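These notes concern the structure reproduced below.
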Amino acid sequence: MKNRLLIMVGLLLSSGAAIGAEVLTFHAYVDANICARLMLGPITPERIACSQMAQKEGAVPALIRLQDNTVFLVNKEKMVKDLVGKLPRSRVKPK
């Protein structure tokens, strides 16, 4: 029983370390969640206006991967709320 517990903990820790080590970057558009679900396709002036208006009304921000229009919900809304309707730039500094 004790050995099984140690093996399970070891597996969980090793898989968590592997997930934490991988970094994925992609080009994205910051959109309001409702507009991201209703307005698929290219980023048009109408879509930008929808994003900004919905954000002012309290909509949840979302990231749209430009490659395939995948919608990602944001877990730290403060970081992206000022970027709704824009294409964010990466702020990663090379070592």
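Starting from 1 in every chain, residues are counted up; chains themselves are A, B, ... following the order of the structure tokens, and ligands are numbered from 1 as listed.
Selecting strand (DSSP E or B) from the backbone DSSP output for segment 26-89 of chain A yields Ala28, Tyr29, Val30, Asp31, Ala32, Pro61, Ala62, Leu63, Ile64, Arg65, Thr70, Val71, Phe72 and Leu73 of chain A.
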*What lies within 7 Å of segment 50-59 of chain A using only C-alpha atoms, ignoring chain neighbours under 2 positions off, as an MDAnalysis selection string?*
chainID A and resid 31:33 35 46:48 61 84:85
Residue contacts of Val74 of chain A (7 Å, only C-alpha atoms) excluding same-chain residues fewer than 2 positions away, as an MDAnalysis selection string: chainID A and resid 61:63 72 76:77
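Nearest residue to Ile64 of chain A among A:Pro88, A:Val30, A:Leu83, A:Pro45 is A:Val30, counting only C-alpha atoms.
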